[in-house]
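*Asks:* Here you go, this is entry-v9.cif (mmCIF, C-alpha atoms).
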data_upload
loop_
_atom_site.label_atom_id
_atom_site.label_comp_id
_atom_site.auth_asym_id
_atom_site.auth_seq_id
_atom_site.Cartn_x
_atom_site.Cartn_y
_atom_site.Cartn_z
CA MET A 1 50.51 9.98 -49.08
CA LEU A 2 50.36 10.97 -45.40
CA SER A 3 48.26 13.99 -46.31
CA ASN A 4 45.71 11.83 -48.17
CA THR A 5 45.49 9.43 -45.22
CA LEU A 6 44.84 12.28 -42.75
CA ASN A 7 42.13 13.71 -45.02
CA THR A 8 40.44 10.32 -45.23
CA ILE A 9 40.45 9.91 -41.40
CA PHE A 10 39.09 13.46 -40.99
CA LEU A 11 36.22 12.81 -43.43
CA MET A 12 35.36 9.54 -41.70
CA ALA A 13 35.19 11.35 -38.34
CA LEU A 14 32.81 13.94 -39.76
CA THR A 15 30.60 11.19 -41.18
CA VAL A 16 30.37 9.43 -37.80
CA ALA A 17 29.63 12.68 -35.95
CA ALA A 18 26.84 13.54 -38.38
CA ALA A 19 25.15 10.11 -38.13
CA PRO A 20 21.67 10.34 -36.56
CA ALA A 21 21.20 8.97 -33.05
CA ALA A 22 19.37 5.67 -32.71
CA PRO A 23 15.65 6.29 -32.19
CA GLU A 24 14.29 5.68 -28.68
CA ALA A 25 12.15 2.59 -28.23
CA GLN A 26 8.50 3.45 -28.73
CA LEU A 27 5.71 2.16 -26.50
CA GLU A 28 4.04 -0.69 -28.34
CA THR A 29 0.43 -1.59 -27.53
CA ARG A 30 -2.12 -3.95 -28.98
CA GLY A 31 -4.69 -2.35 -31.23
CA ASP A 32 -7.46 -4.22 -29.43
CA MET A 33 -6.34 -3.55 -25.86
CA LYS A 34 -7.86 -6.19 -23.58
CA ASN A 35 -9.13 -5.85 -20.05
CA CYS A 36 -6.77 -7.82 -17.79
CA ASP A 37 -9.62 -8.60 -15.39
CA ASN A 38 -11.76 -10.03 -18.19
CA THR A 39 -9.91 -10.80 -21.41
CA ASN A 40 -13.21 -11.32 -23.23
CA THR A 41 -13.70 -7.55 -23.15
CA ASN A 42 -11.61 -4.57 -24.19
CA TYR A 43 -10.12 -2.17 -21.66
CA GLY A 44 -12.56 0.66 -21.03
CA GLY A 45 -10.72 2.54 -18.28
CA ALA A 46 -9.86 6.20 -18.21
CA TYR A 47 -6.08 5.90 -18.42
CA ALA A 48 -3.74 5.91 -21.39
CA ASP A 49 -0.96 3.34 -21.46
CA GLY A 50 2.20 4.91 -20.05
CA SER A 51 0.37 7.72 -18.21
CA GLY A 52 0.88 8.39 -14.52
CA THR A 53 3.92 7.51 -12.41
CA TYR A 54 5.57 4.12 -12.72
CA VAL A 55 5.64 2.33 -9.35
CA LYS A 56 7.20 -1.10 -9.88
CA SER A 57 6.88 -4.41 -11.68
CA ASP A 58 6.22 -7.93 -10.43
CA GLN A 59 4.99 -11.41 -11.40
CA VAL A 60 7.58 -12.15 -14.08
CA SER A 61 6.68 -15.25 -16.09
CA HIS A 62 8.30 -17.13 -18.98
CA PRO A 63 5.61 -18.58 -21.26
CA TRP A 64 6.44 -20.90 -24.16
CA LYS A 65 5.37 -19.35 -27.46
CA GLY A 66 6.55 -19.74 -31.03
CA GLY A 67 8.96 -22.51 -30.14
CA ARG A 68 10.86 -20.35 -27.65
CA ILE A 69 10.68 -19.28 -24.00
CA ARG A 70 9.40 -15.70 -23.84
CA LYS A 71 9.04 -13.17 -21.00
CA CYS A 72 5.98 -11.41 -19.49
CA TRP A 73 5.52 -9.22 -16.40
CA TRP A 74 3.16 -6.71 -14.75
CA ASP A 75 3.79 -2.96 -14.46
CA TYR A 76 1.94 -0.78 -11.93
CA PHE A 77 1.26 2.93 -12.43
CA LEU A 78 -0.06 5.49 -9.93
CA VAL A 79 -2.29 8.19 -11.43
CA SER A 80 -3.86 10.03 -8.47
CA THR A 81 -3.51 10.40 -4.70
CA ALA A 82 -5.92 12.38 -2.52
CA ALA A 83 -6.73 12.69 1.18
CA GLN A 84 -10.37 12.54 2.22
CA ASP A 85 -12.34 12.18 5.45
CA ASP A 86 -14.63 9.23 6.07
CA PRO A 87 -18.15 9.90 7.46
CA TRP A 88 -18.49 10.66 11.17
CA GLN A 89 -19.04 7.68 13.43
CA ILE A 90 -19.94 7.41 17.10
CA ALA A 91 -16.99 6.28 19.20
CA SER A 92 -18.09 6.27 22.84
CA GLY A 93 -20.96 5.33 25.08
CA LYS A 94 -23.10 7.96 26.77
CA GLN A 95 -21.15 10.07 29.24
CA TYR A 96 -23.28 11.66 31.98
CA CYS A 97 -21.45 14.61 33.47
CA ALA A 98 -22.03 16.03 36.93
CA LYS A 99 -22.62 19.76 37.21
CA GLY A 100 -19.84 22.05 38.30
CA GLY A 101 -16.84 19.98 37.31
CA ASP A 102 -14.77 18.74 34.41
CA CYS A 103 -16.00 15.64 32.65
CA ALA A 104 -14.33 13.38 30.08
CA VAL A 105 -14.79 9.87 28.76
CA SER A 106 -12.75 7.25 30.60
CA SER A 107 -12.44 5.02 27.54
CA LEU A 108 -12.94 5.59 23.85
CA THR A 109 -12.83 3.03 21.07
CA GLY A 110 -13.74 4.20 17.62
CA GLN A 111 -14.59 1.83 14.81
CA GLN A 112 -11.49 0.22 13.36
CA THR A 113 -10.72 1.42 9.83
CA CYS A 114 -8.43 -0.71 7.66
CA GLN A 115 -6.79 -0.49 4.28
CA SER A 116 -8.81 -1.72 1.32
CA LYS A 117 -7.33 -2.41 -2.09
CA SER A 118 -7.92 -4.28 -5.31
CA THR A 119 -7.05 -7.96 -5.02
CA THR A 120 -4.56 -7.60 -7.86
CA VAL A 121 -2.37 -5.28 -5.74
CA SER A 122 0.03 -7.37 -3.66
CA ALA A 123 1.29 -6.30 -0.24
CA ASP A 124 4.69 -5.47 -1.70
CA VAL A 125 3.26 -3.36 -4.52
CA GLY A 126 0.82 -1.73 -2.08
CA LEU A 127 3.68 -0.53 0.13
CA ALA A 128 5.45 0.95 -2.89
CA ILE A 129 2.28 2.76 -4.01
CA GLU A 130 1.61 4.04 -0.51
CA GLY A 131 5.13 5.40 -0.05
CA LEU A 132 5.21 7.06 -3.45
CA GLY A 133 1.87 8.84 -3.23
CA THR A 134 1.48 9.95 0.38
CA ALA A 135 4.69 11.99 0.40
CA SER A 136 3.34 14.09 -2.47
CA ILE A 137 0.36 15.33 -0.41
CA GLY A 138 2.13 15.57 2.95
CA VAL A 139 0.29 12.92 4.98
CA SER A 140 1.49 9.85 6.87
CA THR A 141 -0.36 6.56 6.79
CA THR A 142 -0.72 4.30 9.82
CA ASN A 143 2.40 2.46 10.99
CA GLU A 144 0.44 -0.63 11.97
CA LYS A 145 1.37 -3.79 10.07
CA SER A 146 -2.34 -4.54 9.82
CA LYS A 147 -2.83 -1.22 7.99
CA CYS A 148 -5.67 -0.43 10.41
CA ASN A 149 -6.28 2.55 12.68
CA THR A 150 -8.64 3.06 15.63
CA ALA A 151 -9.52 6.32 17.38
CA SER A 152 -8.68 6.03 21.08
CA ASP A 153 -7.59 9.43 22.41
CA THR A 154 -9.66 10.13 25.57
CA SER A 155 -8.09 13.57 26.07
CA GLN A 156 -9.73 15.19 23.04
CA CYS A 157 -13.10 15.96 24.66
CA THR A 158 -13.83 17.68 28.00
CA TRP A 159 -17.20 19.06 29.12
CA HIS A 160 -18.32 21.34 31.97
CA ASP A 161 -22.08 21.61 31.49
CA GLY A 162 -23.43 18.64 33.41
CA GLY A 163 -25.07 17.22 30.29
CA CYS A 164 -25.03 13.87 28.54
CA HIS A 165 -22.46 13.59 25.75
CA VAL A 166 -21.04 11.20 23.15
CA VAL A 167 -17.83 11.47 21.13
CA TRP A 168 -17.84 11.19 17.35
CA THR A 169 -14.74 10.44 15.28
CA GLN A 170 -13.81 10.85 11.66
CA GLN A 171 -10.92 8.91 10.10
CA GLN A 172 -8.80 10.53 7.39
CA MET A 173 -8.07 8.24 4.44
CA VAL A 174 -5.71 8.37 1.47
CA GLU A 175 -7.32 7.20 -1.76
CA GLN A 176 -4.99 6.19 -4.58
CA LYS A 177 -5.91 5.13 -8.09
CA GLY A 178 -4.06 3.82 -11.08
CA TYR A 179 -3.75 0.88 -13.44
CA ARG A 180 -1.69 -2.22 -14.10
CA ARG A 181 -0.63 -3.56 -17.44
CA GLN A 182 0.83 -6.83 -18.63
CA ARG A 183 3.89 -6.46 -20.84
CA CYS A 184 5.33 -9.30 -22.93
CA ASN A 185 8.18 -9.79 -25.34
CA TYR A 186 7.35 -12.50 -27.86
CA GLY A 187 10.39 -11.87 -30.01
CA HIS A 188 9.25 -8.65 -31.70
CA GLY A 189 9.89 -6.18 -28.88
CA GLU A 190 7.87 -5.37 -25.76
CA GLU A 191 4.11 -4.97 -26.13
CA THR A 192 1.29 -4.21 -23.71
CA GLN A 193 -1.12 -7.14 -23.75
CA CYS A 194 -3.87 -5.81 -21.45
CA MET A 195 -4.70 -3.12 -18.87
CA ALA A 196 -6.91 -2.92 -15.78
CA ASP A 197 -7.58 -0.25 -13.14
CA TRP A 198 -6.89 -0.63 -9.42
CA ASN A 199 -7.67 1.45 -6.33
CA MET A 200 -6.46 1.52 -2.73
CA ARG A 201 -7.65 3.33 0.42
CA THR A 202 -5.37 3.55 3.48
CA PRO A 203 -6.04 5.18 6.88
CA THR A 204 -3.68 7.95 7.93
CA LYS A 205 -2.59 8.82 11.46
CA LYS A 206 -5.09 11.69 11.60
CA VAL A 207 -8.46 11.36 13.34
CA ASN A 208 -10.92 14.22 13.83
CA TYR A 209 -12.83 14.26 17.14
CA GLY A 210 -16.29 15.75 17.54
CA CYS A 211 -17.09 16.78 21.13
CA GLY A 212 -20.14 18.98 20.74
CA SER A 213 -22.85 16.33 20.51
CA SER A 214 -25.36 15.51 23.18
CA CYS A 215 -26.50 11.94 23.61
CA ASP A 216 -29.46 12.55 21.29
CA ASP A 217 -27.60 14.20 18.41
CA SER A 218 -27.04 12.38 15.14
CA ASN A 219 -24.84 12.82 12.09
CA THR A 220 -25.99 14.38 8.80
CA CYS A 221 -27.85 11.20 7.81
CA GLY A 222 -29.91 11.11 10.97
CA ASN A 223 -28.13 8.03 12.29
CA THR A 224 -27.91 7.84 16.06
CA ASN A 225 -26.29 4.41 16.20
CA GLY A 226 -22.87 5.43 14.88
CA LYS A 227 -23.29 3.83 11.48
CA PRO A 228 -21.69 5.84 8.64
CA CYS A 229 -23.79 7.69 6.11
#
Let's see the structure in the file written out as C-alpha cells.
*Replies:*
Amino acid sequence: MLSNTLNTIFLMALTVAAAPAAPEAQLETRGDMKNCDNTNTNYGGAYADGSGTYVKSDQVSHPWKGGRIRKCWWDYFLVSTAAQDDPWQIASGKQYCAKGGDCAVSSLTGQQTCQSKSTTVSADVGLAIEGLGTASIGVSTTNEKSKCNTASDTSQCTWHDGGCHVVWTQQQMVEQKGYRRQRCNYGHGEETQCMADWNMRTPTKKVNYGCGSSCDDSNTCGNTNGKPC
C-alpha cells in the first residue's frame, strides 16, 4: 500500500515538472492604430509599437466603459539620441584692437538657446528622457532650471593684430526622438489605443567659440547680423 502511494506521488511530481510554463503576455495593439494627436487619422509614424527604450508612464485615467471603471495611461519610449551643433551666431559687438598689445572682448553675450519639446511631453517626462539619453552619448545638458544656455566666456578669444573683430558662438544641442502610446485595459487585457511621435532638443554645456572673424566676415549663409542660417 505504501509502495503504491509513493509511486502515485512520484508520478504526480513528474507531471507537474513537465507542465509547460504559462505563456508571456503578448503586446496587443489595435488593427487600425490611431494617431493620438488626431484620432480621425491612423498613425503614420516610423516606429513600431514596443520599439525603443521605455522611459516612463503618466496620466493614468479611469474611464467608465461597459458598465465598469477601466484604466488607461500613457507610455513614453525613446528611440534616438544624438548631439548636433546649431548654426554659428554672432555673440559680441565690434572689438577694435590697438596694435602691439593683447586684445579681448570685455563682455560677451551670445543668443540664449533653450530647450524645445513637443507639448505632449511634460516637464517630469522630459527630465526622464533627458537623463536616459544623454548618458548614452557622453554629454551633459545645462543645469539651469530654465533649460536654457547662453555663451558668455570672454576668455576664449584674444587677438594681437590691431584689427577689428567679432566673436561667433555655436551651441551644442541634444536631439531626442521617440513616441508615446495610450494603453487601456477594458476588461480583455491591455491594448494600445493610439500612438504619436514626439521630439525634444536640449542645450548642452558645450559652446564652440569662433575667434578668427573680422568685423566684416559672415557665416556660411552670408549673414552679417548674427542670425542663424
*Asks:* Counting only C-alpha atoms, which residues sit no farther than 8 Å from the position (-24.4, 9.4, 23.9) in the file's frame? I'd like them as a PyMOL selection string.
*Replies:* chain A and resi 92-95+164-167+213-217
*Asks:* Apply the PyMOL selection byres ((chain A and resi 66) around 12) to the structure shown and report the selected residues as number ranges by chain.
*Replies:* A: 63-65, 67-70, 185-188
*Asks:* Output the residue selection produced by the PyMOL selection byres ((chain A and resi 82) around 8) on the file above, formatted as a list in words.
*Replies:*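 That selection, the PyMOL selection byres ((chain A and resi 82) around 8), comes back as Ser80, Thr81, Ala83, Gln84, Ile137, Val174, Glu175 and Gln176 of chain A.
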*Asks:* Need the shell around Lys117 (chain A): protein/DNA/RNA residues with any atom at most 7 Å away, counting only C-alpha atoms. Skip same-chain ones fewer than 4 positions apart. Format as a ChimeraX atom specification?
*Replies:* /A:121,199-201
*Asks:* Generate a file of the selected residues that holds C-alpha atoms, formatted as a compact mmCIF listing (two decimals), keeping the file's coordinate frame.
*Replies:*
# COMPACT_ATOMS: atom_id res chain seq x y z
CA VAL A 121 -2.37 -5.28 -5.74
CA ASN A 199 -7.67 1.45 -6.33
CA MET A 200 -6.46 1.52 -2.73
CA ARG A 201 -7.65 3.33 0.42
*Asks:* Distance table requested - region 101-121 of chain A against region 140-146 of chain A, cut-off 12 Å, all atoms listed in the file: one row per qualifying residue with the closest atom pair and its distance in Å to one decimal, ordered by chain and rising residue number, as a Markdown table.
*Replies:*
| residue | atom | partner | partner_atom | distance |
| --- | --- | --- | --- | --- |
| A:Gln112 | CA | A:Ser146 | CA | 10.9 |
| A:Thr113 | CA | A:Ser146 | CA | 10.3 |
| A:Cys114 | CA | A:Ser146 | CA | 7.5 |
| A:Gln115 | CA | A:Ser146 | CA | 8.2 |
| A:Ser116 | CA | A:Ser146 | CA | 11.0 |
*Asks:* Between A:Pro87, A:Ala98, A:Leu78, A:Asn149, which one has atoms that come closest to Cys221 (chain A), using only C-alpha atoms?
*Replies:*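 The answer is A:Pro87, which sits nearest to Cys221 (chain A).
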*Asks:* Given 8 Å of margin on each side, can you work out the centre and size in Å (one decimal) of an axis-aligned box holding every listed atom of region 77-95 of chain A, as AutoDock Vina command-line options?
*Replies:*
--center_x -10.9 --center_y 7.8 --center_z 8.4 --size_x 40.4 --size_y 25.8 --size_z 57.7
